[in-house]
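Chemist: Compact mmCIF, C-alpha atoms, file coords.txt:
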```
# COMPACT_ATOMS: atom_id res chain seq x y z
CA MET X 1 0.00 0.00 0.00
CA GLY X 2 1.33 3.47 -0.87
CA ARG X 3 1.91 6.26 1.58
CA PRO X 4 -1.11 8.37 2.62
CA PHE X 5 -1.89 11.34 0.37
CA ALA X 6 -1.20 13.78 3.23
CA ASP X 7 2.32 12.39 3.63
CA ARG X 8 3.00 12.58 -0.12
CA ALA X 9 1.70 16.14 -0.24
CA PHE X 10 3.84 17.15 2.77
CA ILE X 11 6.97 15.73 1.15
CA GLY X 12 6.11 17.30 -2.22
CA LEU X 13 5.68 20.70 -0.59
CA GLN X 14 9.12 20.44 0.97
CA HIS X 15 10.68 19.93 -2.46
CA LEU X 16 9.20 23.28 -3.50
CA LEU X 17 9.91 25.34 -0.39
CA PRO X 18 12.93 27.68 -0.19
CA GLN X 19 14.20 25.69 2.80
CA HIS X 20 17.26 27.76 3.70
CA LEU X 21 15.52 31.10 3.25
CA LEU X 22 12.67 29.99 5.50
CA SER X 23 15.13 28.68 8.08
CA ARG X 24 17.00 32.01 8.09
CA LEU X 25 13.72 33.88 8.60
CA VAL X 26 12.72 31.53 11.42
CA ARG X 27 16.13 32.09 13.00
CA ILE X 28 15.58 35.87 12.99
CA LEU X 29 12.18 35.48 14.63
CA THR X 30 13.23 32.92 17.22
CA HIS X 31 16.31 34.90 18.28
CA SER X 32 14.42 38.18 18.58
CA ARG X 33 14.36 39.75 22.05
CA ILE X 34 11.38 41.97 21.27
CA GLY X 35 9.12 41.40 24.25
CA VAL X 36 5.76 41.00 22.52
CA LEU X 37 7.15 38.72 19.80
CA ARG X 38 9.12 36.59 22.25
CA THR X 39 6.16 36.20 24.61
CA THR X 40 3.70 35.42 21.80
CA LEU X 41 5.92 32.73 20.26
CA ILE X 42 6.48 31.02 23.61
CA ARG X 43 2.78 31.14 24.58
CA VAL X 44 1.64 29.73 21.21
CA PHE X 45 4.23 26.97 21.46
CA LEU X 46 3.16 26.02 24.99
CA ARG X 47 -0.46 25.82 23.88
CA HIS X 48 0.39 23.33 21.15
CA TYR X 49 3.13 21.18 22.71
CA PRO X 50 3.33 19.34 26.08
CA VAL X 51 6.43 21.02 27.51
CA ASP X 52 7.21 20.13 31.13
CA LEU X 53 8.74 23.35 32.43
CA SER X 54 9.01 21.90 35.94
CA GLU X 55 12.15 20.14 34.66
CA ALA X 56 13.68 23.32 33.23
CA ILE X 57 16.19 25.54 34.96
CA HIS X 58 13.57 28.33 34.65
CA ALA X 59 9.99 27.19 35.12
CA ASP X 60 8.70 30.71 34.39
CA PRO X 61 8.49 31.28 30.60
CA SER X 62 9.06 35.01 31.06
CA ARG X 63 12.62 34.31 32.26
CA TYR X 64 13.77 33.39 28.75
CA LEU X 65 15.37 36.14 26.67
CA SER X 66 14.12 34.85 23.31
CA PHE X 67 12.13 31.95 21.88
CA ASN X 68 15.40 30.19 21.03
CA ASP X 69 16.59 30.70 24.60
CA PHE X 70 13.39 28.95 25.71
CA PHE X 71 13.65 26.23 23.06
CA THR X 72 17.26 25.37 23.99
CA ARG X 73 16.49 25.63 27.72
CA ARG X 74 18.74 23.79 30.13
CA LEU X 75 17.36 21.40 32.71
CA ARG X 76 17.51 21.95 36.43
CA PRO X 77 20.23 19.95 38.24
CA GLY X 78 19.17 16.36 38.85
CA ALA X 79 16.39 16.34 36.25
CA ARG X 80 18.22 13.70 34.18
CA PRO X 81 20.29 11.51 36.54
CA ALA X 82 22.79 9.37 34.67
CA ASP X 83 22.71 5.58 34.93
CA GLY X 84 25.06 4.79 37.81
CA ASP X 85 26.69 1.76 36.21
CA PRO X 86 30.05 2.93 34.77
CA ARG X 87 29.62 0.38 31.96
CA ALA X 88 26.37 1.97 30.85
CA VAL X 89 26.43 4.00 27.64
CA LEU X 90 24.09 6.95 28.10
CA CYS X 91 21.35 8.13 25.78
CA PRO X 92 22.50 11.49 24.38
CA VAL X 93 19.07 13.10 23.94
CA ASP X 94 15.43 13.15 24.90
CA GLY X 95 13.39 11.82 22.00
CA VAL X 96 12.09 8.74 20.23
CA VAL X 97 13.97 5.91 18.56
CA SER X 98 13.54 6.16 14.80
CA GLN X 99 15.70 3.13 13.98
CA ALA X 100 18.41 1.14 15.77
CA GLY X 101 20.42 -2.00 15.18
CA ALA X 102 23.45 -3.28 13.31
CA LEU X 103 25.07 -1.71 10.28
CA ILE X 104 24.97 -4.13 7.34
CA GLY X 105 28.40 -3.46 5.95
CA ASP X 106 28.45 0.33 6.10
CA GLN X 107 24.68 0.64 5.55
CA LEU X 108 22.26 2.07 8.14
CA LEU X 109 18.51 1.58 8.03
CA GLN X 110 16.57 4.82 7.58
CA ALA X 111 13.09 3.33 7.18
CA LYS X 112 11.57 0.17 5.77
CA GLY X 113 13.22 -0.45 2.40
CA ILE X 114 15.51 2.60 2.64
CA GLN X 115 19.20 2.44 3.59
CA TYR X 116 22.08 4.89 3.45
CA SER X 117 25.83 4.67 3.94
CA ALA X 118 27.95 5.70 6.89
CA ALA X 119 30.42 7.25 4.43
CA SER X 120 27.73 9.56 3.05
CA LEU X 121 26.54 10.44 6.55
CA LEU X 122 30.00 11.32 7.88
CA GLY X 123 31.26 12.84 4.65
CA ALA X 124 34.47 10.79 4.96
CA ALA X 125 34.84 7.23 3.67
CA ALA X 126 38.05 6.53 5.60
CA GLU X 127 36.49 7.26 9.00
CA ALA X 128 33.23 5.51 8.08
CA ALA X 129 35.09 2.24 7.45
CA ALA X 130 35.68 1.87 11.20
CA PHE X 131 31.91 1.60 11.79
CA ALA X 132 31.13 -1.06 9.15
CA GLY X 133 29.39 -3.95 10.90
CA GLY X 134 28.97 -1.95 14.09
CA SER X 135 25.77 -0.61 15.65
CA PHE X 136 23.70 2.55 15.37
CA ALA X 137 20.73 4.35 16.86
CA THR X 138 18.78 7.14 15.17
CA LEU X 139 17.00 9.36 17.69
CA TYR X 140 14.32 11.86 16.71
CA LEU X 141 13.71 14.97 18.81
CA ALA X 142 10.14 16.28 18.69
CA PRO X 143 9.53 20.02 19.12
CA HIS X 144 8.57 19.69 22.81
CA ASN X 145 11.70 17.72 23.76
CA TYR X 146 14.76 18.97 25.60
CA HIS X 147 17.10 19.93 22.75
CA ARG X 148 20.59 19.65 24.17
CA ILE X 149 22.84 16.74 23.27
CA HIS X 150 25.09 14.95 25.77
CA MET X 151 28.00 12.54 25.55
CA PRO X 152 27.11 8.83 25.71
CA LEU X 153 30.70 8.01 26.74
CA ALA X 154 33.77 9.98 27.72
CA GLY X 155 35.69 10.76 24.56
CA THR X 156 38.29 12.88 22.82
CA LEU X 157 37.25 14.67 19.65
CA VAL X 158 38.94 13.32 16.52
CA ARG X 159 37.05 15.47 14.04
CA ALA X 160 33.95 17.64 13.70
CA ARG X 161 32.87 18.16 10.11
CA TYR X 162 30.18 20.49 8.84
CA VAL X 163 28.38 19.06 5.79
CA PRO X 164 25.96 21.40 3.98
CA GLY X 165 22.73 20.11 2.50
CA ASP X 166 18.98 20.39 2.37
CA LEU X 167 16.68 21.06 5.30
CA TYR X 168 13.87 18.55 4.95
CA SER X 169 11.72 17.70 7.94
CA VAL X 170 13.02 14.61 9.74
CA ASN X 171 9.71 13.27 11.01
CA GLU X 172 8.51 9.72 10.36
CA ALA X 173 6.66 10.57 7.15
CA THR X 174 9.66 12.26 5.54
CA ALA X 175 12.08 9.54 6.71
CA ALA X 176 9.87 6.97 4.98
CA GLY X 177 9.51 9.01 1.80
CA VAL X 178 12.84 10.76 1.09
CA PRO X 179 15.68 8.34 0.28
CA GLY X 180 18.99 9.26 1.91
CA LEU X 181 17.29 11.89 4.07
CA PHE X 182 20.03 12.08 6.71
CA THR X 183 22.75 12.28 4.06
CA ARG X 184 20.87 14.99 2.14
CA ASN X 185 20.25 17.25 5.11
CA GLU X 186 22.74 19.69 6.58
CA ARG X 187 24.64 18.13 9.49
CA ILE X 188 27.63 18.17 11.81
CA ALA X 189 29.44 14.83 12.09
CA CYS X 190 31.50 14.45 15.28
CA VAL X 191 33.83 11.47 15.68
CA PHE X 192 35.30 10.70 19.10
CA ASP X 193 37.95 8.31 20.35
CA THR X 194 36.62 6.47 23.42
CA ALA X 195 37.73 3.61 25.66
CA ALA X 196 35.29 1.41 23.70
CA GLY X 197 36.61 2.44 20.28
CA PRO X 198 35.45 5.12 17.84
CA MET X 199 32.05 6.73 18.35
CA ALA X 200 30.20 9.02 15.95
CA VAL X 201 27.56 11.51 17.04
CA VAL X 202 25.92 13.19 14.04
CA LEU X 203 23.66 16.21 14.47
CA VAL X 204 21.25 16.33 11.53
CA GLY X 205 19.56 19.62 10.68
CA ALA X 206 15.96 19.89 9.55
CA LEU X 207 13.34 22.28 8.22
CA PHE X 208 13.55 25.56 10.18
CA VAL X 209 16.80 24.38 11.84
CA GLY X 210 19.08 27.08 10.47
CA SER X 211 21.96 26.30 12.77
CA MET X 212 23.34 23.89 15.34
CA SER X 213 25.72 24.60 18.20
CA LEU X 214 28.66 22.71 19.69
CA SER X 215 29.66 23.27 23.30
CA TRP X 216 33.29 24.09 22.45
CA CYS X 217 32.79 26.47 19.49
CA GLY X 218 29.24 27.80 19.65
CA GLU X 219 26.88 28.15 16.69
CA VAL X 220 27.88 26.42 13.48
CA SER X 221 26.40 27.53 10.17
CA SER X 222 27.72 28.34 6.72
CA ARG X 223 26.38 30.66 4.05
CA ASP X 224 28.77 29.45 1.36
CA ARG X 225 27.36 25.90 1.61
CA THR X 226 30.72 24.14 1.43
CA PRO X 227 31.83 21.13 3.55
CA CYS X 228 34.52 21.97 6.08
CA ASP X 229 36.30 20.52 9.08
CA LEU X 230 35.77 22.74 12.10
CA PRO X 231 38.96 24.25 13.51
CA ALA X 232 41.20 21.94 15.53
CA HIS X 233 41.74 22.76 19.20
CA ASP X 234 44.85 22.67 21.34
CA PRO X 235 44.53 21.06 23.78
CA LEU X 236 42.21 18.52 22.21
CA ILE X 237 38.53 18.62 23.13
CA ALA X 238 37.88 15.94 25.77
CA LEU X 239 34.35 15.55 27.13
CA GLU X 240 33.24 13.44 30.06
CA ARG X 241 30.39 10.94 29.95
CA GLY X 242 27.15 12.91 30.24
CA ALA X 243 28.77 16.27 29.41
CA GLU X 244 26.95 18.62 27.06
CA LEU X 245 28.08 18.22 23.45
CA GLY X 246 25.82 20.74 21.73
CA CYS X 247 22.26 21.72 20.94
CA PHE X 248 19.79 22.20 18.11
CA ASN X 249 18.40 25.67 17.45
CA MET X 250 14.98 24.14 16.71
CA GLY X 251 14.38 20.38 16.55
CA SER X 252 15.99 17.54 14.63
CA THR X 253 17.72 14.12 14.81
CA VAL X 254 20.90 12.56 16.21
CA VAL X 255 22.52 9.49 14.65
CA LEU X 256 24.81 7.58 17.00
CA MET X 257 27.28 4.96 15.71
CA PHE X 258 29.67 2.51 17.39
CA ALA X 259 32.36 0.30 15.86
CA PRO X 260 32.25 -3.52 15.81
CA GLY X 261 33.21 -4.93 19.20
CA GLY X 262 32.11 -1.69 20.85
CA PRO X 263 29.04 -1.00 22.99
CA ARG X 264 26.08 -3.34 22.58
CA LEU X 265 22.66 -1.74 22.27
CA VAL X 266 20.16 -2.63 24.97
CA ASP X 267 17.34 -5.03 24.16
CA GLY X 268 14.05 -3.42 23.18
CA LEU X 269 15.58 -0.36 21.50
CA LEU X 270 12.89 -0.41 18.82
CA PRO X 271 11.30 2.27 16.63
CA GLY X 272 8.82 4.36 18.59
CA ARG X 273 10.43 3.83 22.00
CA ALA X 274 10.75 7.05 24.01
CA VAL X 275 14.20 7.70 25.47
CA ARG X 276 15.69 10.29 27.79
CA VAL X 277 19.11 11.76 28.40
CA GLY X 278 21.12 9.73 30.89
CA GLU X 279 19.31 6.40 30.58
CA ARG X 280 21.21 3.32 29.43
CA ILE X 281 21.09 2.96 25.65
CA ALA X 282 23.96 0.47 25.33
CA ALA X 283 26.55 -1.28 27.49
CA LEU X 284 30.30 -1.63 27.23
CA PRO X 285 31.53 -5.12 26.28
```
Please express what this file holds, its structure, as structure tokens.

Modeler:
Amino acid sequence: MGRPFADRAFIGLQHLLPQHLLSRLVRILTHSRIGVLRTTLIRVFLRHYPVDLSEAIHADPSRYLSFNDFFTRRLRPGARPADGDPRAVLCPVDGVVSQAGALIGDQLLQAKGIQYSAASLLGAAAEAAAFAGGSFATLYLAPHNYHRIHMPLAGTLVRARYVPGDLYSVNEATAAGVPGLFTRNERIACVFDTAAGPMAVVLVGALFVGSMSLSWCGEVSSRDRTPCDLPAHDPLIALERGAELGCFNMGSTVVLMFAPGGPRLVDGLLPGRAVRVGERIAALP
């Protein structure tokens, strides 16, 4: 049976939209500190999405300086306790599992009948080879979710690469209808060296996501639309397990990859399962 007409129409509309122009306009609006605009955007959002502000560092919406400040809100201390087992690999985000499992060669499953390569995702075939036959988890962040990304394991940054691309929505309908979605969209591919081998954390942009931020260099965006490695740091960037890695300025998806012989995904990590930062998503061998 084919996809519902509404899904086909939604995908077709995205082909026609000026995605980057719209995302730049949304960025201007969401970063505005004009009181009436800021307040209106936050109130409308709270009416439409089930945001639990009791978990946020500021429970009062008026404390946020802009809509983006609200959207990328931090959590109050203790709101996401990390799994206490040192062998536990932590979930990096709040969201829902889109897909998870083993890479078949260097292929990841995007949706039923649709695969894509780790090389295309990372933008580097040499680094992707280390993940062939390993494991992956694709985690979708809905608009109401907490939108900061944390480290599953302690690691030292090997490379962070900005890869330009489209800005399609990353919801279930688009994932099932746009082949190579995560390799077509703008993204930042971070590869870390960990005690359990290489680990990739890929931040995938989406419609209205005009930029993403990394904790060590701030907002990352490019107007010239060319791939680039982000500047190296001396000393090297080393982040502890559970430390903040970055955030989305609006919502999107994270793709997590481990090498063969690395962490083993927990049982029951199936599409549609809700996950939260700090819970066990895999375990060290």

Chemist: Would you please work out which residue, of X:Ser23, X:Ala118, X:Leu65, X:Leu139, is nearest to X:Arg273 when using only C-alpha atoms?

Modeler: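 Selected residue with least distance to X:Arg273: X:Leu139.
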
Chemist: So which one's closest to X:Arg8, X:Thr194, X:Pro92, X:Val170, X:Gly177? Using all atoms listed in the file, please.

Modeler: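 Of all the options, X:Gly177 lies closest to X:Arg8.
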
Chemist: Which is closest to X:Asn185 among X:Val26, X:Ala206, X:Ile57, X:Val201, if we use all atoms listed in the file?

Modeler: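 That would be X:Ala206, the residue with the smallest distance to X:Asn185.
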
Chemist: Find the residues near X:Asn249: any atom within 9 Å, counting only C-alpha atoms, skip ones fewer than 2 places away on the same chain, and give them as number ranges by chain.

Modeler: X: 27, 30, 68-69, 71-72, 147, 208-213, 219, 247, 251-252

Chemist: To one decimal in Å, tell me the separation between atom CA of X:Arg264 and atom CA of X:Ala100.

Modeler: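 Atom CA of X:Ala100 lies at a distance of 11.2 Å from atom CA of X:Arg264.
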
Chemist: Measuring between only C-alpha atoms, which one of X:Ser98, X:Tyr64, X:Leu25, X:Pro18 shows the shortest distance to X:Thr39?

Modeler: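 For X:Thr39, the nearest of the given residues is X:Tyr64.
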
Chemist: For X:Ala102, work out the shell of residues within 10 Å, counting only C-alpha atoms and skipping chain neighbours fewer than 2 positions away, then give it as a PDB file with C-alpha atoms, keeping the file's coordinate frame.

Modeler:
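Writing the result to selection.pdb gives the following:
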```
ATOM      1  CA  ALA X 100      18.410   1.140  15.770  1.00  0.00           C
ATOM      2  CA  ILE X 104      24.970  -4.130   7.340  1.00  0.00           C
ATOM      3  CA  GLY X 105      28.400  -3.460   5.950  1.00  0.00           C
ATOM      4  CA  ASP X 106      28.450   0.330   6.100  1.00  0.00           C
ATOM      5  CA  GLN X 107      24.680   0.640   5.550  1.00  0.00           C
ATOM      6  CA  LEU X 108      22.260   2.070   8.140  1.00  0.00           C
ATOM      7  CA  LEU X 109      18.510   1.580   8.030  1.00  0.00           C
ATOM      8  CA  PHE X 131      31.910   1.600  11.790  1.00  0.00           C
ATOM      9  CA  ALA X 132      31.130  -1.060   9.150  1.00  0.00           C
ATOM     10  CA  GLY X 133      29.390  -3.950  10.900  1.00  0.00           C
ATOM     11  CA  GLY X 134      28.970  -1.950  14.090  1.00  0.00           C
ATOM     12  CA  SER X 135      25.770  -0.610  15.650  1.00  0.00           C
ATOM     13  CA  PHE X 136      23.700   2.550  15.370  1.00  0.00           C
ATOM     14  CA  ALA X 137      20.730   4.350  16.860  1.00  0.00           C
ATOM     15  CA  MET X 257      27.280   4.960  15.710  1.00  0.00           C
ATOM     16  CA  PHE X 258      29.670   2.510  17.390  1.00  0.00           C
ATOM     17  CA  ALA X 259      32.360   0.300  15.860  1.00  0.00           C
ATOM     18  CA  PRO X 260      32.250  -3.520  15.810  1.00  0.00           C
ATOM     19  CA  ARG X 264      26.080  -3.340  22.580  1.00  0.00           C
ATOM     20  CA  LEU X 265      22.660  -1.740  22.270  1.00  0.00           C
TER      21      LEU X 265
END
```

Chemist: Please measure the separation of atom CA of X:Ala128 and atom CA of X:Gly165, giving the value in Å to one decimal.

Modeler: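 Computed distance, atom CA of X:Ala128 to atom CA of X:Gly165, equals 18.8 Å.
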
Chemist: What is the atom CA of X:Ala243-atom CA of X:Ser62 distance in Å, reported with one decimal?

Modeler: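 If I compute the distance from atom CA of X:Ala243 to atom CA of X:Ser62, I get 27.2 Å.
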
Chemist: When you count only C-alpha atoms, which of these residues is closest to X:Cys228: X:Leu245, X:Ala126, X:Ala160, X:Ile42?

Modeler: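 Smallest separation from X:Cys228 among the options: X:Ala160.
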
Chemist: Counting all atoms listed in the file, figure out which residue out of X:Leu157, X:Val178, X:Ala124, X:Val97 gets nearest to X:Asp234.

Modeler: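 Checking each of X:Leu157, X:Val178, X:Ala124, X:Val97 against X:Asp234, counting all atoms listed in the file, the winner is X:Leu157.
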
Chemist: Identify, on the basis of all atoms listed in the file, every residue whose closest approach to X:Val163 does not exceed 6 Å; exclude the query and any residue fewer than 5 positions from it along the same chain; express the result as a list in words.

Modeler: Glu186, Arg187 and Pro227 of chain X

Chemist: With a distance cut-off of 10 Å and only C-alpha atoms, select the neighbouring residues of X:Asp7, excluding the residue or stretch itself and same-chain residues fewer than 6 positions from it, and output the selection as a list in words.

Modeler: Leu13, Glu172, Ala173, Thr174, Ala176 and Gly177 of chain X

Chemist: I need the chosen residues saved as an mmCIF file, in the frame of the given file, with C-alpha atoms.

Modeler:
```cif
data_model
loop_
_atom_site.group_PDB
_atom_site.id
_atom_site.type_symbol
_atom_site.label_atom_id
_atom_site.label_comp_id
_atom_site.auth_asym_id
_atom_site.auth_seq_id
_atom_site.Cartn_x
_atom_site.Cartn_y
_atom_site.Cartn_z
ATOM 1 C CA LEU X 13 5.680 20.700 -0.590
ATOM 2 C CA GLU X 172 8.510 9.720 10.360
ATOM 3 C CA ALA X 173 6.660 10.570 7.150
ATOM 4 C CA THR X 174 9.660 12.260 5.540
ATOM 5 C CA ALA X 176 9.870 6.970 4.980
ATOM 6 C CA GLY X 177 9.510 9.010 1.800
#
```

Chemist: Edge lengths and centre in Å to one decimal, as lines of an AutoDock Vina configuration file, of the axis-aligned box that encloses all listed atoms of stretch 56-66 of chain X with 4 Å added on every side?

Modeler:
```
center_x = 12.3
center_y = 29.7
center_z = 29.2
size_x = 15.7
size_y = 20.8
size_z = 19.8
```

Chemist: Determine, counting all atoms listed in the file, which protein, DNA and RNA residues have an atom within 12 Å of an atom of X:Ala282; residues of the same chain fewer than 2 positions away are not included. Present the result as an MDAnalysis selection string.

Modeler: chainID X and resid 83 85:92 100:101 135:137 152:153 196 256:258 262:269 278:280 284:285
